[in-house]
Each structure stands twice: as structure tokens, then as C-alpha cells.
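What's in target.txt: compact mmCIF, C-alpha atoms and all ligand atoms
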# COMPACT_ATOMS: atom_id res chain seq x y z
CA MET A 14 147.51 121.70 23.59
CA THR A 15 143.84 122.53 24.09
CA GLY A 16 140.83 122.36 21.85
CA LEU A 17 139.60 119.74 19.42
CA THR A 18 142.32 117.44 18.13
CA LEU A 19 141.99 115.01 15.24
CA ARG A 20 144.72 112.38 15.14
CA LEU A 21 145.28 110.64 11.88
CA ASP A 22 147.09 107.32 11.66
CA ALA A 23 148.59 108.26 8.30
CA ALA A 24 149.98 104.82 7.42
CA ARG A 25 146.65 103.16 8.10
CA TRP A 26 144.74 105.87 6.25
CA ARG A 27 146.96 105.57 3.18
CA MET A 28 146.60 101.81 3.20
CA HIS A 29 142.82 102.27 3.12
CA LEU A 30 143.07 104.87 0.33
CA GLN A 31 145.14 102.46 -1.73
CA THR A 32 142.76 99.58 -1.09
CA VAL A 33 139.79 101.64 -2.28
CA ALA A 34 141.73 102.94 -5.28
CA GLY A 35 142.74 99.40 -6.21
CA ALA A 36 139.09 98.31 -6.21
CA THR A 37 137.85 101.39 -8.09
CA PRO A 38 139.01 101.64 -11.69
CA GLY A 39 138.67 105.20 -12.99
CA LEU A 40 138.60 106.66 -9.48
CA VAL A 41 138.08 110.40 -9.23
CA PRO A 42 138.58 111.50 -5.61
CA VAL A 43 136.18 114.23 -4.50
CA ALA A 44 137.73 116.95 -2.32
CA LYS A 45 135.12 119.55 -1.47
CA GLY A 46 133.56 121.53 1.33
CA ASN A 47 135.43 121.16 4.60
CA GLY A 48 137.66 118.56 2.97
CA TYR A 49 135.82 115.78 4.83
CA GLY A 50 137.30 117.18 8.05
CA TYR A 51 140.87 117.01 6.74
CA GLY A 52 140.94 120.08 4.54
CA LEU A 53 141.06 120.35 0.77
CA ARG A 54 144.82 120.74 0.47
CA ARG A 55 145.58 117.59 2.41
CA LEU A 56 143.16 115.58 0.28
CA ALA A 57 144.57 117.03 -2.94
CA LEU A 58 148.06 116.13 -1.76
CA GLU A 59 147.01 112.53 -1.04
CA ALA A 60 145.35 112.34 -4.44
CA GLU A 61 148.64 113.46 -5.99
CA GLN A 62 151.12 111.48 -3.91
CA THR A 63 149.35 108.41 -2.52
CA LEU A 64 146.72 107.77 -5.17
CA GLY A 65 148.49 109.11 -8.25
CA VAL A 66 145.21 109.83 -10.01
CA ASP A 67 145.01 112.09 -13.07
CA THR A 68 141.81 113.90 -12.00
CA ILE A 69 140.13 115.11 -8.82
CA ALA A 70 136.79 116.85 -8.29
CA VAL A 71 136.06 119.92 -6.17
CA GLY A 72 132.62 121.25 -5.30
CA THR A 73 132.83 124.88 -6.33
CA ALA A 74 134.84 127.23 -8.53
CA ASP A 75 136.23 128.89 -5.38
CA GLU A 76 137.74 125.61 -4.21
CA VAL A 77 139.96 125.23 -7.29
CA ALA A 78 142.46 127.74 -5.89
CA GLU A 79 142.90 125.63 -2.75
CA VAL A 80 143.95 122.47 -4.57
CA ARG A 81 145.63 123.54 -7.79
CA ASP A 82 149.11 124.08 -6.33
CA VAL A 83 149.31 120.67 -4.70
CA PHE A 84 147.53 118.63 -7.34
CA SER A 85 148.98 118.64 -10.84
CA GLY A 86 146.22 116.92 -12.83
CA SER A 87 142.78 117.88 -14.04
CA ILE A 88 140.21 119.41 -11.68
CA VAL A 89 136.47 118.88 -12.16
CA ILE A 90 134.13 121.50 -10.71
CA LEU A 91 131.00 119.62 -9.64
CA THR A 92 128.69 122.62 -9.28
CA PRO A 93 127.28 123.33 -12.72
CA TRP A 94 128.54 126.39 -14.57
CA ARG A 95 126.29 129.44 -14.78
CA PRO A 96 126.77 132.38 -17.14
CA ASP A 97 126.67 134.96 -14.31
CA ASP A 98 129.66 133.49 -12.45
CA PRO A 99 132.84 135.29 -13.54
CA LEU A 100 135.22 133.02 -11.63
CA ALA A 101 133.67 129.85 -13.08
CA THR A 102 133.85 131.45 -16.53
CA GLU A 103 137.53 132.33 -16.10
CA LEU A 104 138.23 128.78 -14.93
CA ALA A 105 136.33 127.31 -17.87
CA GLU A 106 139.14 128.65 -20.06
CA ASP A 107 141.80 126.94 -17.93
CA PRO A 108 143.05 123.77 -19.65
CA ARG A 109 143.36 121.98 -16.27
CA VAL A 110 139.75 122.60 -15.32
CA ILE A 111 136.75 120.51 -16.38
CA THR A 112 133.48 122.44 -16.19
CA THR A 113 130.17 120.75 -15.43
CA VAL A 114 127.26 121.94 -17.57
CA SER A 115 123.68 121.08 -16.68
CA ARG A 116 121.55 123.11 -19.11
CA VAL A 117 121.57 123.22 -22.90
CA ALA A 118 121.46 127.05 -22.80
CA ASP A 119 124.60 127.09 -20.65
CA LEU A 120 126.39 124.83 -23.11
CA GLU A 121 125.44 127.23 -25.86
CA ALA A 122 126.69 130.22 -23.82
CA LEU A 123 130.00 128.44 -23.13
CA THR A 124 130.67 127.83 -26.81
CA ASP A 125 130.94 131.62 -27.18
CA LEU A 126 134.15 131.52 -25.15
CA ASN A 127 136.23 130.42 -28.10
CA SER A 128 138.70 128.66 -25.84
CA ASP A 129 137.53 125.07 -26.23
CA PRO A 130 136.44 124.64 -22.62
CA ARG A 131 136.62 121.10 -21.24
CA VAL A 132 133.03 120.16 -20.52
CA LEU A 133 131.18 117.42 -18.67
CA LEU A 134 127.49 117.32 -19.43
CA GLU A 135 125.18 116.44 -16.56
CA VAL A 136 121.96 114.55 -17.13
CA LEU A 137 119.08 114.90 -14.68
CA THR A 138 118.68 111.79 -12.54
CA SER A 139 115.99 110.88 -10.02
CA MET A 140 117.96 113.06 -7.57
CA CYS A 141 116.33 116.03 -9.34
CA ARG A 142 119.30 118.22 -8.53
CA HIS A 143 120.97 119.44 -11.70
CA GLY A 144 121.00 118.20 -15.24
CA ILE A 145 119.63 118.20 -18.74
CA PHE A 146 116.28 116.41 -19.06
CA PRO A 147 116.79 113.06 -20.76
CA ASP A 148 114.36 114.03 -23.53
CA GLU A 149 116.43 117.14 -24.34
CA LEU A 150 119.71 115.27 -24.73
CA ARG A 151 119.65 115.27 -28.51
CA ARG A 152 119.81 119.08 -28.47
CA VAL A 153 123.42 119.09 -27.22
CA ARG A 154 124.93 117.57 -30.35
CA PRO A 155 125.43 120.73 -32.47
CA HIS A 156 127.25 122.50 -29.64
CA LEU A 157 129.81 119.81 -28.91
CA GLU A 158 132.06 120.85 -31.79
CA HIS A 159 132.93 124.02 -29.94
CA VAL A 160 133.98 122.43 -26.65
CA ARG A 161 136.25 119.61 -25.51
CA PHE A 162 133.59 117.10 -24.55
CA GLU A 163 134.86 115.03 -21.59
CA GLY A 164 131.76 112.91 -21.06
CA TRP A 165 128.50 112.60 -19.18
CA THR A 166 127.93 112.94 -15.48
CA ILE A 167 125.32 110.75 -13.84
CA HIS A 168 124.83 111.52 -10.15
CA LEU A 169 122.58 108.87 -8.62
CA PRO A 170 120.74 108.81 -5.29
CA MET A 171 122.26 106.70 -2.52
CA LEU A 172 119.39 104.23 -2.33
CA ASN A 173 119.90 100.79 -3.79
CA GLU A 174 116.40 100.39 -5.13
CA GLY A 175 116.27 100.92 -8.89
CA ARG A 176 119.70 102.52 -9.02
CA TYR A 177 121.34 100.09 -11.42
CA ALA A 178 118.39 100.28 -13.81
CA GLU A 179 118.55 104.05 -13.77
CA ALA A 180 122.31 104.03 -14.40
CA GLU A 181 121.80 101.77 -17.38
CA ARG A 182 118.84 103.71 -18.77
CA LEU A 183 120.52 107.12 -18.49
CA GLY A 184 123.86 105.75 -19.66
CA ARG A 185 122.19 104.44 -22.80
CA ALA A 186 120.27 107.67 -23.38
CA THR A 187 123.35 109.87 -23.02
CA LEU A 188 125.54 107.69 -25.24
CA GLU A 189 122.88 107.77 -27.94
CA ALA A 190 123.08 111.59 -27.83
CA ALA A 191 126.91 111.65 -27.90
CA GLN A 192 129.68 109.12 -27.29
CA GLY A 193 131.78 109.87 -24.23
CA THR A 194 132.99 108.66 -20.86
CA LEU A 195 130.28 108.08 -18.24
CA TRP A 196 131.18 109.68 -14.91
CA PHE A 197 129.11 108.05 -12.16
CA SER A 198 128.54 109.01 -8.53
CA HIS A 199 127.06 106.81 -5.82
CA LEU A 200 127.12 103.59 -7.82
CA PRO A 201 129.20 100.67 -6.44
CA PRO A 202 132.30 99.90 -8.57
CA GLU A 203 130.91 96.43 -9.45
CA ASP A 204 127.77 98.07 -10.83
CA VAL A 205 129.82 100.61 -12.78
CA ALA A 206 131.76 97.76 -14.37
CA ALA A 207 128.59 95.81 -15.12
CA VAL A 208 126.82 98.81 -16.68
CA ALA A 209 129.92 99.57 -18.73
CA ARG A 210 129.97 96.02 -20.14
CA GLN A 211 126.25 96.00 -20.75
CA LEU A 212 126.28 99.31 -22.61
CA GLY A 213 129.30 98.25 -24.62
CA GLY A 214 127.30 95.29 -25.91
CA ALA A 215 128.10 91.63 -26.41
CA GLY A 216 131.58 90.97 -27.77
CA ALA A 217 132.48 94.67 -27.73
CA ALA A 218 134.64 96.65 -25.31
CA ALA A 219 133.07 98.11 -22.17
CA VAL A 220 132.22 101.79 -22.46
CA PRO A 221 134.69 104.08 -20.65
CA THR A 222 133.62 105.08 -17.14
CA ARG A 223 134.86 107.01 -14.12
CA LEU A 224 133.63 106.90 -10.53
CA ARG A 225 133.69 109.84 -8.15
CA LEU A 226 134.15 109.00 -4.49
CA GLY A 227 134.32 111.18 -1.40
CA THR A 228 133.04 109.83 1.89
CA ARG A 229 133.83 106.16 1.33
CA LEU A 230 137.35 107.01 0.18
CA TRP A 231 138.44 109.57 2.77
CA LEU A 232 136.35 108.45 5.74
CA GLY A 233 135.82 104.77 5.00
CA ASP A 234 138.21 103.50 7.68
CA PRO A 235 137.17 104.92 11.08
CA SER A 236 140.04 103.05 12.75
CA SER A 237 142.49 105.39 11.02
CA ARG A 238 141.49 108.34 13.20
CA THR A 239 140.67 109.41 16.74
CA SER A 240 139.36 112.70 17.98
CA THR A 241 139.66 114.20 21.44
CA ALA A 242 138.64 117.39 23.24
CA THR A 243 140.21 119.19 26.16
CA VAL A 244 138.35 119.50 29.47
CA LEU A 245 138.57 123.26 30.05
CA ASP A 246 136.90 123.46 33.46
CA VAL A 247 135.06 121.35 36.02
CA HIS A 248 132.50 122.62 38.56
CA ARG A 249 130.45 120.89 41.25
CA VAL A 250 126.71 121.64 40.91
CA LYS A 251 123.59 120.92 42.98
CA ARG A 252 120.27 119.72 41.64
CA GLY A 253 118.07 122.69 40.74
CA GLN A 254 121.02 125.08 40.41
CA ARG A 255 120.63 127.31 37.36
CA VAL A 256 123.54 127.21 34.94
CA GLY A 257 124.61 128.19 31.46
CA TYR A 258 123.55 130.84 28.95
CA ARG A 259 119.97 129.75 29.36
CA GLN A 260 120.02 129.42 33.15
CA ARG A 261 118.22 126.11 33.10
CA PRO A 262 118.13 124.13 36.33
CA VAL A 263 120.42 121.11 36.57
CA TRP A 264 118.38 117.88 36.92
CA ALA A 265 120.60 116.19 39.53
CA ASP A 266 123.64 116.70 41.72
CA GLY A 267 126.85 116.32 39.78
CA TRP A 268 129.52 118.06 37.80
CA ILE A 269 129.53 120.53 34.99
CA LEU A 270 132.27 119.81 32.52
CA VAL A 271 133.22 122.66 30.25
CA ILE A 272 134.70 120.89 27.23
CA ALA A 273 136.38 122.31 24.14
CA GLY A 274 134.30 122.09 20.99
CA GLY A 275 131.21 124.05 20.02
CA THR A 276 129.20 125.16 17.07
CA SER A 277 132.30 126.61 15.40
CA HIS A 278 133.72 123.08 15.31
CA GLY A 279 130.47 121.58 14.11
CA ILE A 280 129.69 120.07 17.52
CA GLY A 281 125.93 119.69 17.91
CA MET A 282 125.55 120.76 14.30
CA GLU A 283 125.32 117.32 12.74
CA ALA A 284 123.74 117.17 9.32
CA PRO A 285 120.25 115.74 9.75
CA THR A 286 120.29 112.05 8.89
CA PRO A 287 117.31 109.73 8.79
CA ALA A 288 116.27 107.33 11.55
CA THR A 289 118.13 105.95 14.57
CA SER A 290 117.41 107.49 17.92
CA VAL A 291 120.91 108.81 18.67
CA ARG A 292 120.94 110.60 15.36
CA GLN A 293 117.47 111.97 15.97
CA ARG A 294 118.78 113.49 19.16
CA ALA A 295 121.65 115.07 17.28
CA ILE A 296 119.08 116.60 14.94
CA SER A 297 117.23 117.99 17.95
CA VAL A 298 120.41 119.84 18.87
CA ALA A 299 120.98 121.07 15.33
CA THR A 300 117.46 122.40 15.02
CA GLY A 301 117.54 124.03 18.45
CA SER A 302 114.77 121.85 19.80
CA LEU A 303 116.90 120.72 22.73
CA ALA A 304 114.98 123.15 24.97
CA ALA A 305 111.73 121.43 24.00
CA ALA A 306 113.14 117.92 24.26
CA GLY A 307 114.84 118.60 27.57
CA ARG A 308 118.15 116.89 26.93
CA ALA A 309 120.45 115.91 24.12
CA LEU A 310 123.23 113.37 24.16
CA SER A 311 126.61 114.97 23.56
CA PRO A 312 129.35 113.44 21.39
CA TYR A 313 131.75 113.45 24.38
CA THR A 314 132.65 110.25 26.19
CA VAL A 315 133.57 110.60 29.86
CA ASN A 316 134.38 107.54 32.00
CA GLY A 317 133.34 105.24 29.17
CA LYS A 318 129.91 106.75 28.42
CA LYS A 319 128.46 109.44 26.19
CA ARG A 320 127.23 112.28 28.43
CA TRP A 321 124.31 114.71 28.19
CA PHE A 322 124.61 118.33 27.15
CA LEU A 323 123.40 120.76 29.79
CA GLU A 324 122.37 123.15 27.02
CA PRO A 325 123.02 123.52 23.31
CA PRO A 326 126.73 124.07 22.61
CA HIS A 327 128.12 127.52 21.99
CA MET A 328 130.83 128.78 19.69
CA GLN A 329 133.89 127.00 21.06
CA SER A 330 132.87 125.05 24.15
CA SER A 331 130.11 122.84 25.46
CA LEU A 332 128.57 122.31 28.90
CA VAL A 333 128.25 118.63 29.69
CA PHE A 334 126.73 116.99 32.78
CA LEU A 335 128.42 114.26 34.83
CA PRO A 336 126.46 112.63 37.69
CA ALA A 337 127.78 113.11 41.25
CA LYS A 338 128.76 109.45 41.67
CA GLU A 339 131.33 109.75 38.88
CA THR A 340 134.90 110.94 39.30
CA PRO A 341 135.29 113.96 37.04
CA PRO A 342 138.24 114.30 34.70
CA ALA A 343 140.94 116.82 35.58
CA VAL A 344 141.11 120.18 33.89
CA GLY A 345 143.41 119.79 30.89
CA GLU A 346 142.58 116.13 30.36
CA GLN A 347 141.60 114.95 26.86
CA VAL A 348 138.32 113.07 26.42
CA PRO A 349 137.13 111.20 23.31
CA VAL A 350 134.67 113.09 21.12
CA GLU A 351 132.77 111.65 18.19
CA LEU A 352 133.04 113.94 15.18
CA ARG A 353 130.95 113.78 12.08
CA LEU A 354 133.74 114.77 9.76
CA THR A 355 131.64 116.17 6.92
CA THR A 356 130.48 118.90 9.30
CA ALA A 357 133.45 119.14 11.67
CA THR A 358 136.44 121.44 11.91
CA ALA A 359 139.16 120.37 14.32
CA ASP A 360 141.52 122.92 15.85
CA ARG A 361 144.41 120.77 14.71
CA ILE A 362 145.12 117.60 12.80
CA ILE A 363 148.07 115.54 13.94
CA GLU A 364 149.49 112.89 11.64
CA ASP A 365 151.00 109.97 13.52
C1 LIG A 401 129.78 115.35 -3.37
C2 LIG A 401 129.67 114.57 -4.60
C3 LIG A 401 130.24 113.29 -4.66
C4 LIG A 401 130.93 112.65 -3.49
O1 LIG A 401 129.96 112.24 -2.57
P1 LIG A 401 130.30 111.26 -1.39
O2 LIG A 401 128.96 110.81 -0.91
O3 LIG A 401 131.04 112.05 -0.36
O4 LIG A 401 131.11 110.15 -1.94
C5 LIG A 401 130.17 112.61 -5.84
N1 LIG A 401 129.55 113.14 -6.92
C6 LIG A 401 128.99 114.36 -6.91
C7 LIG A 401 128.35 114.90 -8.14
C8 LIG A 401 129.02 115.12 -5.74
O5 LIG A 401 128.46 116.33 -5.73
Can you give me the file's structure in the form of C-alpha cells?
Ligand SMILES: *Cc1c(COP(=O)(O)O)cnc(C)c1O
Amino acid sequence: MTGLTLRLDAARWRMHLQTVAGATPGLVPVAKGNGYGYGLRRLALEAEQTLGVDTIAVGTADEVAEVRDVFSGSIVILTPWRPDDPLATELAEDPRVITTVSRVADLEALTDLNSDPRVLLEVLTSMCRHGIFPDELRRVRPHLEHVRFEGWTIHLPMLNEGRYAEAERLGRATLEAAQGTLWFSHLPPEDVAAVARQLGGAGAAAVPTRLRLGTRLWLGDPSSRTSTATVLDVHRVKRGQRVGYRQRPVWADGWILVIAGGTSHGIGMEAPTPATSVRQRAISVATGSLAAAGRALSPYTVNGKKRWFLEPPHMQSSLVFLPAKETPPAVGEQVPVELRLTTATADRIIED
């Protein structure tokens, strides 16, 4: 078995999924992109079997096909519908699909379908991504008779500052335009519950809400997984010896470890994240500035320590430096590798 292996402690993972679900009323699991490292089908299957939810969310119209056979409930497409997308339009007529609409003109265009599409209306938040401007909300009303209105989507930024106030303000504005469930993203469950009570008003029932979760649900328990990479080759090198695609001189005597995992696995391709020096170094790799910076720390741990890349990783393997005083691993040995699972693709996933 060579390559990049992700081992999943399934019992532990499912316990975590159930804990999060138990603390998140109205949970809508998000299964999109690379399936948070696990793949869309596996997540859809967990949503069906472990979580028993009635709705999941995918990112794009194309992703619906990957989950619809294993998940039996409703499927939200998070990317807003556009009139020039034939697949999204076909899916809008599917009774299991809920289409997100972010412009009044698109809502109008959808009403021409005559199939009562299930529609979530998105309001523009401070994210400034997609959504109807709050001051245009009253324009949606006349069109809602021709669709199955499922509610409002409010996708908030991840920062704490001002988030609750924004949730409340936009929740109020949308409900004034049309009554419906509020579908939040990136708001803690306690805040969702508090906003729901507040908008419901004193002595009245809380307004209905749902909460979409991806990262914190699927990846929230790091102890439920380990990832390893195979050492493919080991070579002794002298200081100053030129190695690799770029023929850069090695900075000291030591060992070159050729380790499984490259750009095709997402190694050295971390999504840029703010701050912290280790992350900054990962960004250097992703942006190709390793040559300028000189070195970048690799995600591979050998003899208890993260080791330096000798050059930016290539398609399926990486060159990593080990100082001469260390005992190198044997060819075929597995070493720990830290994977950022929203950008990673393992060669295999093993459920223990
Ligand atoms: C991707 C996405 C989510 C899930 O995000 P996580 O940070 O992974 O939980 C929720 N809501 C919307 C609208 C999204 O696009």
C-alpha cells in the first residue's frame, strides 16, 4: 500500500457527528467540493444513515448527481441559480432539489418554469458574495406565488464582531418581506436559537430556522483521523549537491526523502489562511514563492519533527530534507502527514 492514506476511526467520527447534530437543531449538513477530504458520497451516506437529517446542501448543480442516490431527502444547491445554466434549470424542476436564488430577476425568470420550483431566497450580507440587496426585498413578494418558497438564506462572515446584530437585522428585514424559515450559515447554534426567539417576539413561538454546517461537523474532531504517506525513496546527499527539478543546492549534508503526496493530493497547496507563521509558510509554497523564501516547512513528520521541503512539491511526490545526524526511514515506511482536508485528496480512505 503506497501513497497518501487517510484512516478514519469511524466509530469516533460518528460519535462526533451525533454530538454536533444533537446540539444543532435544524442541522443541514453541507457536502460540497472535495467532500471535506472524505468525498461527497460518503458524507451523503452519513447524513442519511448516521444523522438521519431530511435535507443536505451541496455546492453546485453538478454535485447533485453524486449524492442523490445515497441520500433520500431534499438537496439544497448553495450556488445561486442563473438563467444560462441548463443543468441548474433542469434540477430546479426536481421536487427533491431546493434552488438558491440571489437576484430578483432570477426569481422572475424561474417563475416561468411552471413547475413550482422549491426556492430559497438569499439576502446579501456583509460577506458581499451573493444575494438580494436588503432594500430590494419587498420586490420579491409578487413572484412567490409561482414558486414553493422554502425560506431565506443568510450566509454570514466567520468573524464574531457584529455577526449577531447582522443576523437579527437581516432576519427581521427578510421576514417583513415574506414569512419563511431562516437558513443561517456561520452563526453558532446558541445565536441561531436566540435570534429565532427574538424575532418571534415576546410570548410568541420562535421563528423557524435551519443551520448549515460543513467544516465543524465533518472535520470538528481531529482525533477521529490520521493521515500517513509512504516513503518512496531515500538518498544520501552532500551539502552543495544540486537536486530536484530546479537543481537547487542542498544546504547541508543529509538525506533526501522522496515521499508520496504532491500537488495532485493538495500537498503544498493549502488554501491561504491569515496569520500564524507556519501557515504563512504554507502560503509561500502555494504561491510559488518558496524559491524566493529559500525554504518551506513540509507537512511530513519524520523522527518526531516536521521537515523542510527541498523544493516545491510536484504532482504525486515531494522531496524532503533530513539532516545527516538523523536515521532515515526505510523505503516503504509510512510517515505522518498533516493534511488540510478541505484541499486534500487522499489516495485511499480506510475506515477502522
Ligand atoms: C460552504 C458553505 C457552508 C459550509 O461552510 P463551512 O465553513 O464548511 O461550515 C455553509 N453555508 C454556505 C452558504 C456555504 O457556501
Worksheet entry | Distance criterion (only C-alpha atoms): nearest to Leu169 (chain A) out of A:Asn127, A:Glu121, A:Arg225, A:Ser237 | A:Arg225
Worksheet item: Quick one: residues within 6 Å of ligand LIG 401 (chain A), with only C-alpha atoms and all ligand atoms, as a list in words?
Response: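 Those within range of ligand LIG 401 (chain A) are Val43, Leu91, His168, Ser198, Arg225, Leu226, Gly227, Thr228 and Arg229 of chain A.
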Practice prompt. Figure out the distance between CA of Leu17 (chain A) and CA of Gly345 (chain A), please, to one decimal in Å.
Written response: 12.1 Å
Discussion item. Taking (134.1, 121.3, 16.0) in the coordinates of the supplied file, I want to know which residues reach to within 6 Å of it, counting all atoms listed in the file; could you give the answer as a ChimeraX atom specification?
Written reply: /A:274-275,277-280,357-359
Discussion item. Taking (126.8, 121.1, -13.8) in the coordinates of the supplied file, I want to know which residues reach to within 8 Å of it, counting all atoms listed in the file; could you give the answer as a PyMOL selection string?
Written reply: chain A and resi 90-94+112-116+133-135+143-144
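Here CA of Ser240 (chain A) is placed at a distance of 15.6 Å from CA of Ser331 (chain A).
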Please, what is the axis-aligned box for every listed atom of region 220-231 of chain A with 4 Å on each side, as centre and edge lengths in Å to one decimal, as JSON?
{"center_x": 135.3, "center_y": 106.5, "center_z": -9.8, "size_x": 14.2, "size_y": 17.4, "size_z": 33.2}
Discussion item. Taking 2 positions as the minimum chain separation for residues in the same chain, which residues sit within 12 Å of Gln31 (chain A) when counting all atoms listed in the file? Answer as a VMD selection string.
Written reply: chain A and resid 24 to 29 33 to 38 40 42 59 to 60 62 to 66 230 to 231 233 to 234
Discussion item. From the options A:Ala217, A:Gly267, A:Arg131, A:Pro235, which residue's atoms come nearest to Asp22 (chain A), counting all atoms listed in the file?
Written reply: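 Checking each of A:Ala217, A:Gly267, A:Arg131, A:Pro235 against Asp22 (chain A), counting all atoms listed in the file, the winner is A:Pro235.
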Practice prompt. Would you kindly return, as a ChimeraX atom specification, each protein, DNA or RNA residue with an atom no farther than 6 Å from any atom of Leu354 (chain A), considering all atoms listed in the file and excluding same-chain residues fewer than 2 positions away?
Written response: /A:49-50,352,356-357
Worksheet, complete the sentence: Computed gap from CA of Asp129 (chain A) to CA of Glu106 (chain A) is 7.3 Å
Worksheet item: Using all atoms listed in the file, which of the listed residues (A:Gly184, A:Pro341, A:Pro170, A:Pro349) sits closest to Met140 (chain A)?
Response: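 When distances to Met140 (chain A) are compared using all atoms listed in the file, the smallest one comes from A:Pro170.
For the residues A:Arg252, A:Arg55, A:Lys319, A:Arg20, ranking by smallest atom-to-atom distance to Val80 (chain A) using only C-alpha atoms places A:Arg55 first.
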Discussion item. List as a list in words the protein and nucleic acid residues near Pro96 (chain A), meaning an atom at most 8 Å away when all atoms listed in the file are counted, but skip any in the same chain fewer than 5 places from it.
Written reply: Thr102, Asp119, Ala122 and Leu123 of chain A
Fill in: Long-range neighbours of Ile362 (chain A) as a list in words, 8 Å cut-off, only C-alpha atoms, 4 positions minimum in chain
Thr18, Leu19, Arg20, Leu21 and Tyr51 of chain A
Worksheet entry | Selected residue of minimal separation from Gln260 (chain A) among A:Thr32, A:Arg109, A:Gly175, A:Glu324, counting all atoms listed in the file |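 Closest candidate: A:Glu324.
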Worksheet entry | Shell around Ile69 (chain A) at 8 Å using all atoms listed in the file, local window under 4 positions removed, as a PyMOL selection string | chain A and resi 41-44+57+60+86-89
Worksheet item: Taking into account only C-alpha atoms, which residue in the set A:Arg154, A:Arg361, A:Lys45, A:Arg54 is nearest to Met14 (chain A)?
Response: A:Arg361
